[in-house]
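These notes are about the structure you will find just below.
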Amino acid sequence: MIAADSLRALGVALRALPLHSLADGLPAVLAEHVGVKGAVVRLVDYPAVQLVSVADPRDAVPIAGTVVGAAYREQQAVLDGPEAHLPLVCRGHCHGVLSGTVQDAELAELAEVADAVADALQVADVGTDQLTRARRDRRMTVAAEMQWDLLPARGLACAEFTLAGQLEPAYSVRGDNFDWSLDPGHLTLTLTNGWGEGMDAAVVTAIAISAMRNARRSGHGIAEAAALADQAVYGQYAGERSVAALLMSIDLATGAMSVVDCGSPELWLVRDEACTRIDLDRQVPLGAVEETLYRVQPERLLPGDRLVAVSDGVFDSSDGERTYADTSLPRTLRTTRGLPPAQVVRAVLSDLALFRDHRELDDDAVVVCLDWRG
């Protein structure tokens, strides 16, 4: 048993650890206050393929086919004899897995330990680069650095929904991105795909995302956000560059959804056992034409629905004869119906790699999956 006083003492001790030495201090703090011996914190890497030890980056465990990876995949505690593997989840974003030897501890108590460590990692991520360095095994392009820094997280969860997303190629993504914000009464979700290569694509995407955030934070809806981003991009490039985008706003009380489609991202709906592409009113990409007025398309989600949004690097990817969206994407979405969103995202990207015979992607790929509970 882990006493309530011990859990409170753990929280105090974690907050007292210096950010730059959090990884070094965690094992001793966990052993002293909650009896977790030999603790190892492993963080998910950028491609979401491995779990890498913060203390020793050479200690990396595959997510697929391992006991430690199962805790991350299922986002549930896994007991392996005296050793426990605990997912480090903070509001739907799974940082990685905490492993250690425990005795006489209940799963609920271990979950509280993991929550405390996940909260500490969330805070540390803002103030130190130590965790960021641990997640990567090679140098990232500057364009990719910009895109990852624009992300809100790779997961979000609350009573109404669970949400997950991923960028590929992780170390050299250029113009594709996603963004979300949970506000009183509604969720806003966007996918963006900046035109161009390298830094050119990254910069135009950053302009569009910043403009849409500015509109959102000023209290405007998605049509106004699209219009402001359109003006910002056009004002910078005068129509020479543009950003394809998909903007969505979902009412948390009713499931009513508003959509503005400004180009290439596609939206798929999995309802019961059926998988269909939502027919969207495709409008002008952001920045392509001066002062575009965008129309909002109404849709509605029902409890149990799953939304999957993908960029053209996914649905338009070709094996030389057909595109991935022709047959493979709907099949993958149907066969992964019982998996949580984070696993669906990984499954789609893994299946895309098989579809392409593991050839390098021709374009950036973004997958975002939302499970709606209502």
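Chain labels run A, B, ... following the order of the structure tokens; each chain numbers its residues from 1, and ligands are numbered from 1 in the order shown.
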
Using backbone DSSP assignments, extract all helix (DSSP H, G or I) residues from segment 26-194 of chain A; output them as a ChimeraX atom specification.
/A:26-34,67-74,107-127,130-135,142-150

Could those selected residues go to a file with N, CA and C atoms, as a compact mmCIF listing (two decimals), in the first residue's frame?
```txt
# COMPACT_ATOMS: atom_id res chain seq x y z
N LEU A 26 14.70 11.68 -10.36
CA LEU A 26 13.46 10.91 -10.27
C LEU A 26 13.62 9.56 -9.57
N PRO A 27 14.61 8.73 -9.93
CA PRO A 27 14.68 7.41 -9.29
C PRO A 27 14.77 7.48 -7.77
N ALA A 28 15.60 8.37 -7.25
CA ALA A 28 15.74 8.46 -5.80
C ALA A 28 14.47 8.95 -5.14
N VAL A 29 13.81 9.92 -5.73
CA VAL A 29 12.56 10.45 -5.17
C VAL A 29 11.48 9.38 -5.15
N LEU A 30 11.36 8.61 -6.24
CA LEU A 30 10.34 7.57 -6.31
C LEU A 30 10.62 6.45 -5.31
N ALA A 31 11.89 6.11 -5.15
CA ALA A 31 12.24 5.06 -4.19
C ALA A 31 11.96 5.52 -2.76
N GLU A 32 12.28 6.76 -2.46
CA GLU A 32 12.13 7.26 -1.09
C GLU A 32 10.68 7.41 -0.68
N HIS A 33 9.86 7.95 -1.56
CA HIS A 33 8.51 8.34 -1.13
C HIS A 33 7.44 7.29 -1.42
N VAL A 34 7.59 6.52 -2.49
CA VAL A 34 6.52 5.57 -2.83
C VAL A 34 7.04 4.15 -3.06
N VAL A 67 6.72 -5.59 -23.65
CA VAL A 67 5.86 -5.37 -22.49
C VAL A 67 5.81 -3.89 -22.15
N VAL A 68 6.97 -3.22 -22.19
CA VAL A 68 6.99 -1.78 -21.92
C VAL A 68 6.15 -1.04 -22.96
N GLY A 69 6.30 -1.44 -24.22
CA GLY A 69 5.53 -0.81 -25.29
C GLY A 69 4.03 -1.01 -25.13
N ALA A 70 3.64 -2.15 -24.54
CA ALA A 70 2.21 -2.40 -24.35
C ALA A 70 1.59 -1.38 -23.41
N ALA A 71 2.34 -0.96 -22.39
CA ALA A 71 1.82 0.06 -21.47
C ALA A 71 1.59 1.36 -22.21
N TYR A 72 2.48 1.68 -23.15
CA TYR A 72 2.31 2.90 -23.94
C TYR A 72 1.15 2.76 -24.93
N ARG A 73 1.11 1.63 -25.64
CA ARG A 73 0.08 1.43 -26.65
C ARG A 73 -1.32 1.45 -26.05
N GLU A 74 -1.48 0.71 -24.95
CA GLU A 74 -2.81 0.59 -24.33
C GLU A 74 -3.10 1.73 -23.37
N LEU A 107 -3.10 -0.96 -8.22
CA LEU A 107 -2.99 -0.30 -9.52
C LEU A 107 -3.45 1.16 -9.44
N ALA A 108 -4.48 1.42 -8.65
CA ALA A 108 -4.97 2.80 -8.52
C ALA A 108 -3.90 3.69 -7.91
N GLU A 109 -3.16 3.16 -6.95
CA GLU A 109 -2.09 3.94 -6.32
C GLU A 109 -0.95 4.17 -7.30
N LEU A 110 -0.60 3.14 -8.08
CA LEU A 110 0.46 3.30 -9.08
C LEU A 110 0.05 4.31 -10.15
N ALA A 111 -1.24 4.33 -10.48
CA ALA A 111 -1.72 5.31 -11.46
C ALA A 111 -1.52 6.73 -10.94
N GLU A 112 -1.72 6.93 -9.62
CA GLU A 112 -1.49 8.25 -9.04
C GLU A 112 -0.02 8.63 -9.08
N VAL A 113 0.86 7.65 -8.87
CA VAL A 113 2.29 7.90 -8.99
C VAL A 113 2.63 8.33 -10.42
N ALA A 114 2.11 7.59 -11.39
CA ALA A 114 2.38 7.92 -12.80
C ALA A 114 1.83 9.29 -13.16
N ASP A 115 0.65 9.63 -12.64
CA ASP A 115 0.07 10.95 -12.93
C ASP A 115 0.97 12.06 -12.40
N ALA A 116 1.52 11.86 -11.20
CA ALA A 116 2.40 12.89 -10.62
C ALA A 116 3.65 13.07 -11.45
N VAL A 117 4.23 11.95 -11.91
CA VAL A 117 5.43 12.04 -12.74
C VAL A 117 5.11 12.67 -14.10
N ALA A 118 3.96 12.31 -14.68
CA ALA A 118 3.57 12.89 -15.97
C ALA A 118 3.38 14.40 -15.86
N ASP A 119 2.77 14.85 -14.77
CA ASP A 119 2.60 16.29 -14.56
C ASP A 119 3.96 16.99 -14.45
N ALA A 120 4.91 16.35 -13.75
CA ALA A 120 6.25 16.93 -13.61
C ALA A 120 6.95 17.01 -14.96
N LEU A 121 6.78 15.98 -15.80
CA LEU A 121 7.38 16.00 -17.14
C LEU A 121 6.76 17.09 -18.00
N GLN A 122 5.44 17.28 -17.86
CA GLN A 122 4.76 18.32 -18.65
C GLN A 122 5.33 19.69 -18.32
N VAL A 123 5.56 19.94 -17.05
CA VAL A 123 6.13 21.22 -16.64
C VAL A 123 7.58 21.34 -17.11
N ALA A 124 8.34 20.27 -16.95
CA ALA A 124 9.75 20.30 -17.33
C ALA A 124 9.93 20.54 -18.83
N ASP A 125 9.01 20.02 -19.62
CA ASP A 125 9.11 20.18 -21.08
C ASP A 125 9.11 21.65 -21.49
N VAL A 126 8.49 22.48 -20.69
CA VAL A 126 8.42 23.91 -21.02
C VAL A 126 9.73 24.63 -20.69
N GLY A 127 10.44 24.13 -19.67
CA GLY A 127 11.58 24.89 -19.16
C GLY A 127 12.95 24.34 -19.46
N GLN A 130 16.18 19.11 -22.06
CA GLN A 130 16.69 17.78 -21.76
C GLN A 130 15.76 16.68 -22.27
N LEU A 131 14.47 16.84 -22.07
CA LEU A 131 13.52 15.82 -22.50
C LEU A 131 13.40 15.79 -24.02
N THR A 132 13.44 16.96 -24.63
CA THR A 132 13.38 17.05 -26.09
C THR A 132 14.57 16.34 -26.72
N ARG A 133 15.76 16.54 -26.16
CA ARG A 133 16.95 15.87 -26.69
C ARG A 133 16.83 14.36 -26.54
N ALA A 134 16.26 13.91 -25.43
CA ALA A 134 16.16 12.47 -25.21
C ALA A 134 15.25 11.80 -26.24
N ARG A 135 14.28 12.53 -26.76
CA ARG A 135 13.31 11.94 -27.68
C ARG A 135 13.86 11.75 -29.09
N VAL A 142 15.63 22.28 -39.54
CA VAL A 142 15.07 23.49 -38.93
C VAL A 142 13.57 23.59 -39.24
N ALA A 143 13.18 23.20 -40.44
CA ALA A 143 11.76 23.23 -40.80
C ALA A 143 10.95 22.31 -39.90
N ALA A 144 11.47 21.11 -39.64
CA ALA A 144 10.78 20.17 -38.76
C ALA A 144 10.73 20.70 -37.33
N GLU A 145 11.82 21.34 -36.88
CA GLU A 145 11.83 21.94 -35.55
C GLU A 145 10.70 22.95 -35.40
N MET A 146 10.49 23.76 -36.45
CA MET A 146 9.40 24.73 -36.41
C MET A 146 8.05 24.03 -36.32
N GLN A 147 7.87 22.98 -37.11
CA GLN A 147 6.56 22.32 -37.14
C GLN A 147 6.24 21.65 -35.81
N TRP A 148 7.22 20.96 -35.21
CA TRP A 148 6.98 20.30 -33.93
C TRP A 148 6.72 21.32 -32.82
N ASP A 149 7.42 22.45 -32.88
CA ASP A 149 7.21 23.48 -31.86
C ASP A 149 5.83 24.13 -31.97
N LEU A 150 5.21 24.05 -33.15
CA LEU A 150 3.87 24.60 -33.33
C LEU A 150 2.78 23.69 -32.77
```

Please provide as a list of chain:residue names all residues within 10 Å of His93 of chain A, with the sequence filter that same-chain residues fewer than 5 positions apart are discarded (counting only C-alpha atoms).
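My reading of the contact set: A:Gln75, A:Leu88, A:Ala118, A:Gln122, A:Pro152, A:Ala153, A:Arg154, A:Gly155, A:Leu156, A:Ala157, A:Thr162, A:Leu163, A:Ala164, A:Ala342.
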
So that I can check the surroundings of segment 321-331 of chain A, please list as a PyMOL selection string every protein, DNA and RNA residue that reaches within 12 Å of it, counting only C-alpha atoms and ignoring chain neighbours fewer than 4 positions away.
chain A and resi 266-270+273-277+308-317+335-337+344-345+347-356+365+367

Report as JSON lines: every residue of segment 169-205 of chain A with an atom at most 12 Å from segment 229-240 of chain A, its closest pair of atoms, and their distance in Å to one decimal, counting only C-alpha atoms, with rows sorted by chain and ascending residue number.
```
{"residue": "A:Thr192", "atom": "CA", "partner": "A:Ala229", "partner_atom": "CA", "distance": 11.0}
{"residue": "A:Gly194", "atom": "CA", "partner": "A:Val233", "partner_atom": "CA", "distance": 10.1}
{"residue": "A:Trp195", "atom": "CA", "partner": "A:Glu240", "partner_atom": "CA", "distance": 9.4}
{"residue": "A:Gly196", "atom": "CA", "partner": "A:Glu240", "partner_atom": "CA", "distance": 10.2}
{"residue": "A:Asp200", "atom": "CA", "partner": "A:Tyr237", "partner_atom": "CA", "distance": 10.9}
{"residue": "A:Ala201", "atom": "CA", "partner": "A:Val233", "partner_atom": "CA", "distance": 11.7}
{"residue": "A:Val203", "atom": "CA", "partner": "A:Val233", "partner_atom": "CA", "distance": 10.0}
{"residue": "A:Val204", "atom": "CA", "partner": "A:Val233", "partner_atom": "CA", "distance": 6.8}
{"residue": "A:Thr205", "atom": "CA", "partner": "A:Val233", "partner_atom": "CA", "distance": 8.8}
```

Run DSSP on the backbone and grab whatever in segment 212-280 of chain A lands in strand (DSSP E or B); send it over as a list of chain:residue names.
A:Val243, A:Ala244, A:Ala245, A:Leu246, A:Leu247, A:Met248, A:Ser249, A:Ile250, A:Asp251, A:Ala256, A:Met257, A:Ser258, A:Val259, A:Val260, A:Asp261, A:Cys262, A:Glu266, A:Leu267, A:Trp268, A:Leu269, A:Val270, A:Arg271, A:Ala274, A:Cys275, A:Thr276, A:Arg277

Give the answer as one residue: which of A:Gly304, A:Pro57, A:Gly198, A:Gly38 has the shortest atom-to-atom distance to Gly25 of chain A, using only C-alpha atoms?
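Residue with the minimum atom-to-atom distance to Gly25 of chain A: A:Gly38.
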
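Distances to Ala170 of chain A were evaluated for A:Leu79, A:Val41, A:Val89, A:Val49 using only C-alpha atoms, and the minimum falls at A:Val49.
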
Pick from A:Ile250, A:Cys158, A:Arg139, A:Pro47: nearest to Arg91 of chain A, with only C-alpha atoms counted?
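Result for the nearest residue to Arg91 of chain A: A:Cys158.
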